[in-house]
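Student: Have a peek at structure.txt (compact mmCIF, C-alpha atoms and all ligand atoms).
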```
# COMPACT_ATOMS: atom_id res chain seq x y z
CA MET F 1 -0.18 -12.81 -20.21
CA VAL F 2 -2.69 -10.01 -20.65
CA GLU F 3 -1.72 -6.33 -20.56
CA ALA F 4 -4.51 -4.54 -18.75
CA GLU F 5 -4.65 -1.43 -20.92
CA ASP F 6 -8.32 -2.18 -21.26
CA ALA F 7 -9.66 -2.93 -17.78
CA VAL F 8 -12.96 -4.32 -19.07
CA ALA F 9 -11.22 -6.75 -21.43
CA ALA F 10 -8.88 -7.82 -18.62
CA ALA F 11 -11.85 -8.40 -16.31
CA GLU F 12 -13.52 -10.56 -18.98
CA HIS F 13 -10.37 -12.71 -19.25
CA ILE F 14 -10.28 -13.07 -15.48
CA ARG F 15 -13.92 -14.05 -15.26
CA ALA F 16 -13.49 -16.66 -17.99
CA GLU F 17 -10.63 -18.15 -15.96
CA LEU F 18 -12.20 -17.98 -12.49
CA GLY F 19 -15.75 -18.92 -13.38
CA ASP F 20 -18.44 -18.19 -10.81
CA GLY F 21 -16.33 -19.01 -7.79
CA PRO F 22 -16.07 -19.42 -4.94
CA VAL F 23 -12.80 -17.54 -5.30
CA VAL F 24 -10.36 -16.79 -2.51
CA ALA F 25 -8.46 -13.53 -2.97
CA LEU F 26 -4.88 -12.97 -1.83
CA THR F 27 -3.93 -9.30 -1.73
CA GLY F 28 -0.74 -7.32 -1.21
CA ALA F 29 0.55 -3.77 -1.13
CA GLY F 30 -0.40 -3.10 -4.75
CA ILE F 31 -4.09 -2.96 -3.89
CA SER F 32 -3.53 -0.13 -1.40
CA THR F 33 -1.28 2.16 -3.45
CA ASP F 34 -4.36 3.98 -4.79
CA SER F 35 -5.22 4.74 -1.15
CA GLY F 36 -1.93 6.58 -0.77
CA ILE F 37 0.03 3.81 0.95
CA PRO F 38 3.30 3.36 -0.95
CA ASP F 39 4.36 -0.11 -2.08
CA TYR F 40 8.00 -0.40 -1.09
CA ARG F 41 8.38 -3.63 -3.02
CA GLY F 42 6.79 -2.47 -6.26
CA PRO F 43 8.73 -2.18 -9.51
CA TYR F 44 9.06 1.60 -9.25
CA SER F 45 9.83 1.78 -5.54
CA PRO F 46 13.08 2.87 -3.94
CA PRO F 47 15.10 0.16 -2.18
CA ARG F 48 14.53 0.03 1.54
CA ASN F 49 15.90 -1.93 4.44
CA PRO F 50 12.93 -3.11 6.48
CA MET F 51 13.18 -3.49 10.21
CA THR F 52 13.66 -7.03 11.41
CA TYR F 53 12.08 -8.73 14.41
CA GLN F 54 15.56 -9.36 15.84
CA GLN F 55 16.41 -5.65 15.74
CA PHE F 56 13.16 -4.80 17.47
CA VAL F 57 13.41 -7.26 20.36
CA GLY F 58 17.19 -7.21 20.73
CA ASP F 59 17.98 -3.53 21.00
CA PHE F 60 16.22 -1.10 23.34
CA ALA F 61 17.57 2.02 21.58
CA PHE F 62 16.29 0.71 18.26
CA ARG F 63 12.90 -0.05 19.81
CA ARG F 64 12.68 3.42 21.33
CA HIS F 65 13.51 4.96 17.97
CA TYR F 66 10.91 2.74 16.32
CA TRP F 67 8.12 3.70 18.73
CA ALA F 68 8.93 7.40 18.48
CA ARG F 69 8.60 7.22 14.70
CA ASN F 70 5.52 5.02 14.89
CA HIS F 71 3.91 7.41 17.39
CA VAL F 72 3.95 10.01 14.63
CA GLY F 73 3.41 7.80 11.60
CA TRP F 74 0.62 5.46 12.58
CA ARG F 75 -2.07 8.15 12.40
CA HIS F 76 -1.43 8.47 8.70
CA MET F 77 -2.83 4.95 8.29
CA GLU F 78 -5.96 5.96 10.20
CA GLY F 79 -6.53 8.77 7.71
CA THR F 80 -6.37 6.48 4.65
CA ARG F 81 -9.54 5.28 2.91
CA PRO F 82 -10.44 2.15 0.94
CA ASN F 83 -10.32 2.51 -2.85
CA ASP F 84 -12.25 0.97 -5.78
CA GLY F 85 -10.20 -2.24 -5.55
CA HIS F 86 -11.10 -2.83 -1.88
CA ARG F 87 -14.74 -1.96 -2.55
CA ALA F 88 -14.91 -4.30 -5.56
CA LEU F 89 -13.66 -7.26 -3.50
CA ALA F 90 -16.16 -6.47 -0.73
CA GLY F 91 -18.95 -6.40 -3.32
CA LEU F 92 -17.77 -9.67 -4.87
CA GLU F 93 -17.91 -11.27 -1.42
CA GLN F 94 -21.44 -10.02 -0.81
CA SER F 95 -22.55 -11.54 -4.11
CA GLY F 96 -20.94 -14.87 -3.26
CA VAL F 97 -18.20 -14.84 -5.91
CA VAL F 98 -15.40 -14.26 -3.39
CA SER F 99 -15.56 -16.64 -0.43
CA GLY F 100 -12.80 -15.02 1.60
CA LEU F 101 -9.75 -12.85 1.59
CA ILE F 102 -6.17 -13.35 2.71
CA THR F 103 -4.28 -10.07 2.88
CA GLN F 104 -0.60 -9.35 3.41
CA ASN F 105 -1.46 -5.73 4.19
CA VAL F 106 -1.71 -4.42 7.73
CA ASP F 107 -3.78 -1.36 6.77
CA THR F 108 -7.25 -2.84 7.60
CA LEU F 109 -8.66 -1.29 4.40
CA HIS F 110 -10.43 -4.51 3.33
CA SER F 111 -12.38 -4.65 6.57
CA ARG F 112 -13.12 -0.94 6.36
CA ALA F 113 -14.41 -1.45 2.78
CA GLY F 114 -16.89 -4.04 4.06
CA SER F 115 -15.13 -7.37 3.46
CA ARG F 116 -16.19 -9.74 6.22
CA ARG F 117 -14.09 -12.86 5.98
CA VAL F 118 -10.58 -11.43 6.11
CA ILE F 119 -7.41 -13.13 7.32
CA ASP F 120 -4.85 -10.46 8.21
CA LEU F 121 -1.86 -12.67 7.45
CA HIS F 122 0.74 -10.15 8.62
CA GLY F 123 -1.33 -8.59 11.41
CA ARG F 124 -2.91 -5.15 11.76
CA TYR F 125 -1.39 -1.72 12.32
CA ASP F 126 -4.17 -0.79 14.77
CA ARG F 127 -3.27 -3.45 17.34
CA VAL F 128 -0.39 -3.98 19.74
CA ILE F 129 0.73 -7.28 21.26
CA CYS F 130 2.70 -7.99 24.46
CA LEU F 131 5.61 -10.31 23.71
CA THR F 132 5.38 -11.84 27.21
CA CYS F 133 1.68 -12.37 27.99
CA ARG F 134 0.53 -12.13 24.30
CA ARG F 135 -2.34 -9.83 25.29
CA VAL F 136 -3.55 -7.78 22.31
CA THR F 137 -4.66 -4.18 22.82
CA SER F 138 -5.58 -1.32 20.53
CA ARG F 139 -2.98 1.01 19.07
CA SER F 140 -5.13 4.01 19.97
CA ARG F 141 -5.00 3.05 23.65
CA LEU F 142 -1.22 2.92 23.44
CA ALA F 143 -1.25 6.29 21.67
CA GLN F 144 -2.93 7.84 24.72
CA ARG F 145 -0.31 6.33 27.03
CA LEU F 146 2.60 7.44 24.81
CA THR F 147 1.18 10.96 24.60
CA ALA F 148 0.91 11.09 28.40
CA LEU F 149 4.49 9.85 28.77
CA ASN F 150 5.82 12.25 26.13
CA PRO F 151 3.78 15.46 26.43
CA ASP F 152 6.42 17.55 24.67
CA PHE F 153 6.99 15.18 21.79
CA ASP F 154 5.23 16.69 18.85
CA VAL F 155 6.20 16.46 15.20
CA GLU F 156 4.36 17.66 12.16
CA VAL F 157 3.00 14.51 10.51
CA SER F 158 2.98 16.25 7.16
CA ASP F 159 6.77 16.46 7.26
CA ALA F 160 7.13 12.78 7.87
CA GLU F 161 7.99 10.19 5.26
CA ILE F 162 5.28 7.56 5.55
CA ALA F 163 6.08 3.88 5.08
CA PRO F 164 3.69 0.87 4.88
CA ASP F 165 4.38 -0.08 8.48
CA ALA F 166 3.43 3.39 9.69
CA ASP F 167 6.96 4.61 10.20
CA ALA F 168 7.65 8.30 9.92
CA VAL F 169 11.14 9.67 9.71
CA ILE F 170 12.07 12.08 12.47
CA ALA F 171 15.42 12.95 13.96
CA ALA F 172 15.60 13.23 17.73
CA THR F 173 14.11 10.21 19.47
CA ALA F 174 16.65 9.57 22.20
CA HIS F 175 14.44 11.08 24.92
CA PHE F 176 11.27 9.30 23.87
CA ARG F 177 9.68 7.29 26.69
CA VAL F 178 8.43 3.84 25.66
CA ALA F 179 5.41 2.17 27.27
CA ASP F 180 5.45 -1.44 28.47
CA CYS F 181 2.55 -3.89 28.90
CA GLU F 182 0.06 -2.61 31.49
CA TRP F 183 -0.58 -6.12 32.81
CA CYS F 184 2.83 -7.79 32.99
CA GLY F 185 5.41 -5.11 32.17
CA GLY F 186 6.48 -7.03 29.04
CA VAL F 187 7.74 -5.53 25.80
CA LEU F 188 5.03 -4.24 23.47
CA LYS F 189 5.23 -4.68 19.72
CA PRO F 190 2.87 -3.65 16.95
CA ASP F 191 0.72 -6.72 16.14
CA ILE F 192 2.47 -6.95 12.78
CA VAL F 193 4.58 -9.82 11.45
CA TYR F 194 8.05 -8.43 10.78
CA PHE F 195 10.89 -9.76 8.70
CA GLY F 196 12.51 -12.61 10.57
CA GLU F 197 9.26 -13.52 12.30
CA ASN F 198 6.79 -16.27 11.36
CA VAL F 199 3.08 -15.90 10.76
CA PRO F 200 1.31 -17.59 13.71
CA LYS F 201 0.56 -21.24 12.81
CA PRO F 202 -3.23 -21.15 13.46
CA ARG F 203 -3.50 -18.18 11.10
CA VAL F 204 -1.60 -20.05 8.38
CA ALA F 205 -3.81 -23.10 8.84
CA GLU F 206 -6.93 -20.96 8.56
CA ALA F 207 -5.63 -19.48 5.30
CA TYR F 208 -4.83 -22.92 3.84
CA ALA F 209 -8.35 -24.06 4.75
CA MET F 210 -9.78 -21.04 2.95
CA VAL F 211 -7.83 -22.00 -0.20
CA ASP F 212 -8.90 -25.65 0.17
CA GLU F 213 -12.59 -24.83 0.16
CA ALA F 214 -12.38 -22.34 -2.73
CA GLY F 215 -12.52 -23.25 -6.41
CA ALA F 216 -9.92 -20.74 -7.56
CA LEU F 217 -7.35 -18.21 -6.33
CA LEU F 218 -7.09 -14.57 -7.36
CA VAL F 219 -3.89 -12.74 -6.40
CA ALA F 220 -4.29 -8.96 -6.52
CA GLY F 221 -1.44 -6.48 -6.03
CA SER F 222 1.29 -8.73 -4.71
CA SER F 223 4.67 -9.53 -6.22
CA LEU F 224 4.68 -12.62 -3.95
CA THR F 225 8.20 -11.79 -2.85
CA VAL F 226 7.88 -13.49 0.52
CA MET F 227 7.02 -17.14 1.06
CA SER F 228 4.21 -16.25 3.48
CA GLY F 229 2.04 -15.39 0.46
CA LEU F 230 3.64 -17.49 -2.29
CA ARG F 231 2.88 -20.75 -0.46
CA PHE F 232 -0.86 -20.29 -0.99
CA VAL F 233 -0.31 -19.88 -4.73
CA ARG F 234 1.70 -23.12 -4.73
CA HIS F 235 -1.00 -24.81 -2.68
CA ALA F 236 -3.79 -23.84 -5.10
CA ALA F 237 -1.69 -24.75 -8.15
CA LYS F 238 -0.91 -28.16 -6.68
CA GLN F 239 -4.65 -28.77 -6.36
CA GLY F 240 -5.08 -27.93 -10.03
CA LYS F 241 -7.15 -24.84 -9.30
CA PRO F 242 -7.16 -21.81 -11.59
CA VAL F 243 -4.73 -19.17 -10.31
CA VAL F 244 -5.10 -15.63 -11.65
CA ILE F 245 -2.43 -13.07 -10.80
CA LEU F 246 -3.31 -9.39 -11.26
CA ASN F 247 -0.26 -7.25 -10.58
CA ARG F 248 1.85 -4.47 -12.02
CA GLY F 249 5.13 -6.12 -12.95
CA GLU F 250 6.54 -9.60 -12.48
CA THR F 251 5.76 -11.81 -9.51
CA ARG F 252 7.42 -14.88 -8.05
CA GLY F 253 4.26 -16.85 -8.81
CA ASP F 254 4.00 -16.08 -12.53
CA ASP F 255 5.01 -19.58 -13.62
CA LEU F 256 2.21 -21.03 -11.46
CA ALA F 257 -0.51 -18.71 -12.76
CA THR F 258 -3.06 -20.01 -15.24
CA LEU F 259 -3.64 -16.35 -16.15
CA LYS F 260 -1.41 -13.35 -15.50
CA VAL F 261 -2.76 -9.83 -15.93
CA ASP F 262 -0.23 -7.01 -15.83
CA GLY F 263 -2.17 -4.02 -14.56
CA GLY F 264 -3.46 -1.96 -11.67
CA CYS F 265 -5.90 -3.40 -9.15
CA SER F 266 -8.49 -0.61 -8.87
CA PRO F 267 -9.69 -0.39 -12.51
CA VAL F 268 -9.57 -4.13 -13.21
CA LEU F 269 -11.26 -5.21 -9.96
CA ALA F 270 -13.93 -2.52 -10.40
CA SER F 271 -14.60 -3.84 -13.91
CA MET F 272 -14.77 -7.36 -12.52
CA ALA F 273 -17.33 -6.30 -9.92
CA SER F 274 -19.60 -4.78 -12.54
CA LEU F 275 -19.09 -7.77 -14.84
CA TYR F 276 -20.27 -10.08 -12.07
CA GLY F 277 -23.18 -7.74 -11.46
CA THR F 278 -22.31 -6.69 -7.93
ZN ZN N 1 1.96 -8.48 29.00
```
Take the structure I supplied and represent it as structure tokens, if you would.

Tutor:
Amino acid sequence: MVEAEDAVAAAEHIRAELGDGPVVALTGAGISTDSGIPDYRGPYSPPRNPMTYQQFVGDFAFRRHYWARNHVGWRHMEGTRPNDGHRALAGLEQSGVVSGLITQNVDTLHSRAGSRRVIDLHGRYDRVICLTCRRVTSRSRLAQRLTALNPDFDVEVSDAEIAPDADAVIAATAHFRVADCEWCGGVLKPDIVYFGENVPKPRVAEAYAMVDEAGALLVAGSSLTVMSGLRFVRHAAKQGKPVVILNRGETRGDDLATLKVDGGCSPVLASMASLYGT
């Protein structure tokens, strides 16, 4: 294991392990903390009970409360910006070192930084899906509808506690009016994979294929707590490919890594990008 006190030295170790690629990158919440999105699973994070899919679909009052909070909180995500880590991975893709990116984040910051081949494993905060007809629409369109339905519902976003899934904590939500699908009247849900829900199979297959065609795997900013990400580390390790894990603190994939770097994503990835001459 390498302690990344010296980002340049860490980047040199990583390059020696990964070679010239193509490398597939798997990213998690740790890459977005420098953009102001808290990592609720990180080593210094408070414990939190995440919402489950079953709670969302099974309980109207819960759903109403969720949408009221999300109506306030989701705009915080829109105001966030990519950081050096996102930009470094976009640059490494442009120079052909990184062949593609699998992200567990729903914040769209990789795409906004310029990464082109991105698999949003757990969905995107800026989209909404109908659970009946599966039609996907934009979150901003829903925002207009919710505002029209709830003209008096206005809460200072700055007072809200912001969570990775765009929740914001507010008190009175009992009178909030929820919007249903415009086409079929079905229940709308953020196009995000929640706890208790599976990643759609075609998306998983696409991610496996991306690992198959790459020469190495770089994990950046994920503790690999959930199987949805860990399985790709196992897959690459089984194929005998180099697996580098860059993360603050332990991960569930540490025993599978050929190199583990304990450090922050932004400085180390930025050093990597300049080392590779991007
Ligand atoms: Zn529908």

Student: For a quick check of understanding, using all atoms listed in the file, which of F:Ala174, F:Met77, F:Val8, F:Leu259 has the smallest distance to Tyr276 of chain F?

Tutor: F:Val8

Student: Pull the closest atom pair for each residue of chain F that gets at most 10 Å from ligand ZN 1 (chain N), along with the distance in Å to one decimal, counting all atoms listed in the file, ordering rows by chain and then ascending residue number, as a tab-separated table.

Tutor:
```
residue	atom	partner	partner_atom	distance
F:Ile129	CA	N:ZN1	ZN	7.9
F:Cys130	CA	N:ZN1	ZN	4.6
F:Leu131	CA	N:ZN1	ZN	6.7
F:Thr132	CA	N:ZN1	ZN	5.1
F:Cys133	CA	N:ZN1	ZN	4.0
F:Arg134	CA	N:ZN1	ZN	6.1
F:Arg135	CA	N:ZN1	ZN	5.8
F:Val136	CA	N:ZN1	ZN	8.7
F:Asp180	CA	N:ZN1	ZN	7.9
F:Cys181	CA	N:ZN1	ZN	4.6
F:Glu182	CA	N:ZN1	ZN	6.7
F:Trp183	CA	N:ZN1	ZN	5.2
F:Cys184	CA	N:ZN1	ZN	4.1
F:Gly185	CA	N:ZN1	ZN	5.8
F:Gly186	CA	N:ZN1	ZN	4.7
F:Val187	CA	N:ZN1	ZN	7.2
F:Leu188	CA	N:ZN1	ZN	7.6
```

Student: For Gly263 of chain F, please output as a PyMOL selection string all residues within 12 Å (counting all atoms listed in the file; exclusion window: fewer than 2 positions along the same chain).

Tutor: chain F and resi 1-11+30-31+220-222+245-250+260-261+265-269

Student: List as a list in words the protein and nucleic acid residues near Arg112 of chain F, meaning an atom at most 9 Å away when only C-alpha atoms are counted, but skip any in the same chain fewer than 6 places from it.

Tutor: Arg81, Pro82 and His86 of chain F

Student: Could you turn the residues from that selection into a file that holds C-alpha atoms, as a short mmCIF file (atom, residue, chain, number, x, y, z; two decimals), in the frame of the given file?

Tutor:
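The file below, result34.cif, is the result:
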```cif
data_model
loop_
_atom_site.label_atom_id
_atom_site.label_comp_id
_atom_site.auth_asym_id
_atom_site.auth_seq_id
_atom_site.Cartn_x
_atom_site.Cartn_y
_atom_site.Cartn_z
CA ARG F 81 -9.54 5.28 2.91
CA PRO F 82 -10.44 2.15 0.94
CA HIS F 86 -11.10 -2.83 -1.88
#
```

Student: Rank F:Ala148, F:Val244, F:Val199, F:Met227 by their smallest atom-to-atom distance to Phe176 of chain F, using all atoms listed in the file, and report the top residue only.

Tutor: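 Closest residue, counting all atoms listed in the file: F:Ala148.
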
Student: Which polymer residues have any atom within 10 Å of an atom of Ser138 of chain F, counting all atoms listed in the file, with same-chain residues fewer than 6 positions away left out, as a VMD selection string?

Tutor: chain F and resid 124 to 129 190 to 191
